[in-house]
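> The following block contains the structure, expressed as structure tokens.
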Amino acid sequence: MSTLHRWFDFWLQGVANGIMDEPRVDLERSADVWETHADWPIPGKADTEVFLQPGTTGAGGLGLVPTAKPATGAFQDNRTQSQNTMILNPDVVQPNRLAFLSAPLTAPLHISGTPTVQLRASADQTDTNLGAILVDYGTDERVAHRASGEGIITLDTSDCWGESSPTDDGCYKQTAKRVATADYELVTKGIMDAQNRQSIRVGVPLVPGESYNFSFPLLPEDYVFKPGHRIGVIIVASYPQYSSQADTTAANLRVALKSSNIVLPVVGGTAAAHAAGL
């Protein structure tokens, strides 16, 4: 509220209070732990390709170089698959998703910006959806910001700022963070309709069995993966809890892993990814 008042004072009242000369970004890294940065994405971030690797059993892997030999991951679209089913038990092979896990990190890995998924894939239908989830697997105390209330509990007490009027008493309910121990964190996610691979306005049907390059962004995010945690990438087709347009084709998809990756906006770029154990 203090920052907000100073911003309004500058823009609405012309008060020369220096608010626009201060660092542009405040990040809440964990509950009530804040960082200040000059800009966002964080200066020094560099887009870093992390390739999808085949696995012998269970999940595939993630690495900074593509797999040496061609390999394929296959799964079938399930238009009713829940987000929990997509994310949980990443080491277990499931028919309606592909899961890829890094080794446990040896140092923090900081991403800042917009991750992008790049897939070389084919489907046996003329239409399908594609979805991707970036996950932090590791037990930790986290703010439950994706749960009801977005991680905030409204308290009975209030803070008051400035003067009151008959229509606005200038008071705001205080809040507290809802913190809980969890085994994973959904970091960010993204979707696309495969028919819109060339344009968001014009759909072009797929040729069944033909491979295409698909590229789509995930939601922008600033996140630090901690040492000992594992980075997870989940690839699905329909994502009904994120999109209202789950596909009805139940397409079977094949992903060419050698040509598929996720581009992470890593602060420090490839050198930082190497240092973190990727």
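Each chain in the structure tokens gets a letter, A, B and so on, in the order shown; residues start at 1 in every chain, and ligands are counted from 1 in the order they appear.
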Using only C-alpha atoms, find each residue in stretch 200-242 of chain A having at least one atom no more than 9 Å away from stretch 247-256 of chain A; report its shortest atom-to-atom pair and that distance in Å (one decimal), rows by chain then rising number, as a Markdown table.

| residue | atom | partner | partner_atom | distance |
| --- | --- | --- | --- | --- |
| A:Gly209 | CA | A:Arg254 | CA | 8.9 |
| A:Ser211 | CA | A:Arg254 | CA | 8.6 |
| A:Ala237 | CA | A:Leu253 | CA | 8.3 |
| A:Ser238 | CA | A:Asp247 | CA | 6.0 |
| A:Tyr239 | CA | A:Asp247 | CA | 9.0 |
| A:Pro240 | CA | A:Asp247 | CA | 8.9 |
> Find the residues around A:Val65 up to 12 Å (only C-alpha atoms counted), leave out those fewer than 3 positions away in its own chain, and share them as a PyMOL selection string.
chain A and resi 48-53+61-62+68-69+257-262+270+273-274+278
> As a ChimeraX atom specification, which residues of stretch 61-113 of chain A does DSSP assign to strand (DSSP E or B)?
/A:61-63,72-76,98-101,109-113
> Please provide the set of residues having any atom within 12 Å of A:Val204, restricted to only C-alpha atoms, with same-chain residues fewer than 6 positions apart removed, written as number ranges by chain.
A: 126-128, 193-198, 212
> Which polymer residues have any atom within 12 Å of an atom of A:Trp7, counting only C-alpha atoms, with same-chain residues fewer than 2 positions away left out, as a PyMOL selection string?
chain A and resi 1-5+9-22+24
> Taking only C-alpha atoms into account, produce a table as JSON lines in which each residue of stretch 205-273 of chain A with an atom at most 9 Å from an atom of stretch 130-136 of chain A appears once, together with its shortest atom pair and the distance in Å to one decimal, ordered by chain and rising number.

{"residue": "A:Phe214", "atom": "CA", "partner": "A:Leu130", "partner_atom": "CA", "distance": 8.8}
{"residue": "A:Phe216", "atom": "CA", "partner": "A:Gly131", "partner_atom": "CA", "distance": 8.9}
{"residue": "A:Leu218", "atom": "CA", "partner": "A:Ala132", "partner_atom": "CA", "distance": 7.6}
{"residue": "A:Phe225", "atom": "CA", "partner": "A:Asp136", "partner_atom": "CA", "distance": 6.6}
{"residue": "A:Lys226", "atom": "CA", "partner": "A:Asp136", "partner_atom": "CA", "distance": 8.8}
{"residue": "A:His229", "atom": "CA", "partner": "A:Asp136", "partner_atom": "CA", "distance": 6.7}
{"residue": "A:Arg230", "atom": "CA", "partner": "A:Asp136", "partner_atom": "CA", "distance": 6.0}
{"residue": "A:Ile231", "atom": "CA", "partner": "A:Asp136", "partner_atom": "CA", "distance": 5.2}
{"residue": "A:Gly232", "atom": "CA", "partner": "A:Val135", "partner_atom": "CA", "distance": 4.8}
{"residue": "A:Val233", "atom": "CA", "partner": "A:Leu134", "partner_atom": "CA", "distance": 4.9}
{"residue": "A:Ile234", "atom": "CA", "partner": "A:Ile133", "partner_atom": "CA", "distance": 5.0}
{"residue": "A:Ile235", "atom": "CA", "partner": "A:Ala132", "partner_atom": "CA", "distance": 4.6}
{"residue": "A:Val236", "atom": "CA", "partner": "A:Gly131", "partner_atom": "CA", "distance": 5.0}
{"residue": "A:Ala237", "atom": "CA", "partner": "A:Leu130", "partner_atom": "CA", "distance": 4.1}
{"residue": "A:Ser238", "atom": "CA", "partner": "A:Leu130", "partner_atom": "CA", "distance": 6.1}
{"residue": "A:Tyr239", "atom": "CA", "partner": "A:Gly131", "partner_atom": "CA", "distance": 6.2}
> A:Thr116, A:Asp183, A:Gly162, A:Val33: which is nearest A:Asn89, counting only C-alpha atoms?
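So, comparing all the options, the nearest one is A:Asp183.
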> Name the residues in contact with A:Ala38 at a cut-off of 9 Å, using only C-alpha atoms, excluding same-chain residues fewer than 4 positions from it; report them as a ChimeraX atom specification.
/A:22-26,42-43
> Residues of the last selection are to be written out with N, CA and C atoms, as a PDB file, in the first residue's frame.

ATOM      1  N   GLU A  22      13.102   4.150  -8.945  1.00  0.00           N
ATOM      2  CA  GLU A  22      13.461   2.999  -8.131  1.00  0.00           C
ATOM      3  C   GLU A  22      13.450   1.719  -8.976  1.00  0.00           C
ATOM      4  N   PRO A  23      14.061   0.634  -8.490  1.00  0.00           N
ATOM      5  CA  PRO A  23      13.988  -0.641  -9.226  1.00  0.00           C
ATOM      6  C   PRO A  23      12.545  -1.000  -9.547  1.00  0.00           C
ATOM      7  N   ARG A  24      12.354  -1.575 -10.747  1.00  0.00           N
ATOM      8  CA  ARG A  24      11.002  -1.772 -11.264  1.00  0.00           C
ATOM      9  C   ARG A  24      10.295  -2.972 -10.655  1.00  0.00           C
ATOM     10  N   VAL A  25      11.032  -3.914 -10.077  1.00  0.00           N
ATOM     11  CA  VAL A  25      10.451  -5.219  -9.766  1.00  0.00           C
ATOM     12  C   VAL A  25      10.680  -5.594  -8.306  1.00  0.00           C
ATOM     13  N   ASP A  26       9.604  -6.007  -7.651  1.00  0.00           N
ATOM     14  CA  ASP A  26       9.677  -6.682  -6.356  1.00  0.00           C
ATOM     15  C   ASP A  26       9.119  -8.083  -6.531  1.00  0.00           C
ATOM     16  N   ILE A  42      14.815 -10.980 -15.240  1.00  0.00           N
ATOM     17  CA  ILE A  42      16.011 -10.581 -14.521  1.00  0.00           C
ATOM     18  C   ILE A  42      17.162 -10.413 -15.511  1.00  0.00           C
ATOM     19  N   PRO A  43      17.867  -9.277 -15.488  1.00  0.00           N
ATOM     20  CA  PRO A  43      19.016  -9.112 -16.378  1.00  0.00           C
ATOM     21  C   PRO A  43      20.010 -10.263 -16.199  1.00  0.00           C
TER      22      PRO A  43
END
> Check stretch 22-266 of chain A with DSSP on the backbone and list each residue it calls alpha helix (DSSP H), as a PyMOL selection string.
chain A and resi 83-87
> May I have the residues from that selection written out with N, CA, C and O atoms, as a compact mmCIF listing (two decimals), in the first residue's frame?

# COMPACT_ATOMS: atom_id res chain seq x y z
N GLN A 83 -5.36 -32.74 -13.97
CA GLN A 83 -4.03 -32.17 -13.79
C GLN A 83 -3.23 -32.97 -12.78
O GLN A 83 -2.02 -33.19 -12.96
N ASN A 84 -3.86 -33.42 -11.71
CA ASN A 84 -3.15 -34.24 -10.72
C ASN A 84 -2.60 -35.52 -11.35
O ASN A 84 -1.47 -35.93 -11.07
N THR A 85 -3.41 -36.16 -12.19
CA THR A 85 -2.95 -37.39 -12.85
C THR A 85 -1.76 -37.08 -13.75
O THR A 85 -0.81 -37.88 -13.85
N MET A 86 -1.79 -35.95 -14.43
CA MET A 86 -0.67 -35.56 -15.28
C MET A 86 0.62 -35.42 -14.48
O MET A 86 1.69 -35.85 -14.92
N ILE A 87 0.53 -34.82 -13.29
CA ILE A 87 1.72 -34.41 -12.55
C ILE A 87 2.23 -35.50 -11.61
O ILE A 87 3.45 -35.70 -11.49
> Determine, for each residue of stretch 154-202 of chain A having at least one atom at most 10 Å from an atom of stretch 107-115 of chain A, the closest pair of atoms and their separation in Å to one decimal, counting only C-alpha atoms; order by chain and ascending number, as JSON lines.

{"residue": "A:Thr188", "atom": "CA", "partner": "A:Pro115", "partner_atom": "CA", "distance": 8.5}
{"residue": "A:Lys189", "atom": "CA", "partner": "A:Pro115", "partner_atom": "CA", "distance": 9.0}
{"residue": "A:Gly190", "atom": "CA", "partner": "A:Pro115", "partner_atom": "CA", "distance": 9.1}
> For a quick check of understanding, using only C-alpha atoms, which of A:Pro66, A:Ser148, A:Gly60, A:Thr106 has the smallest distance to A:Asp91?
A:Gly60
> So what do you get for atom CA of A:Glu141 versus atom CA of A:Arg29, distance-wise?
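Atom CA of A:Arg29 lies at a distance of 12.1 Å from atom CA of A:Glu141.
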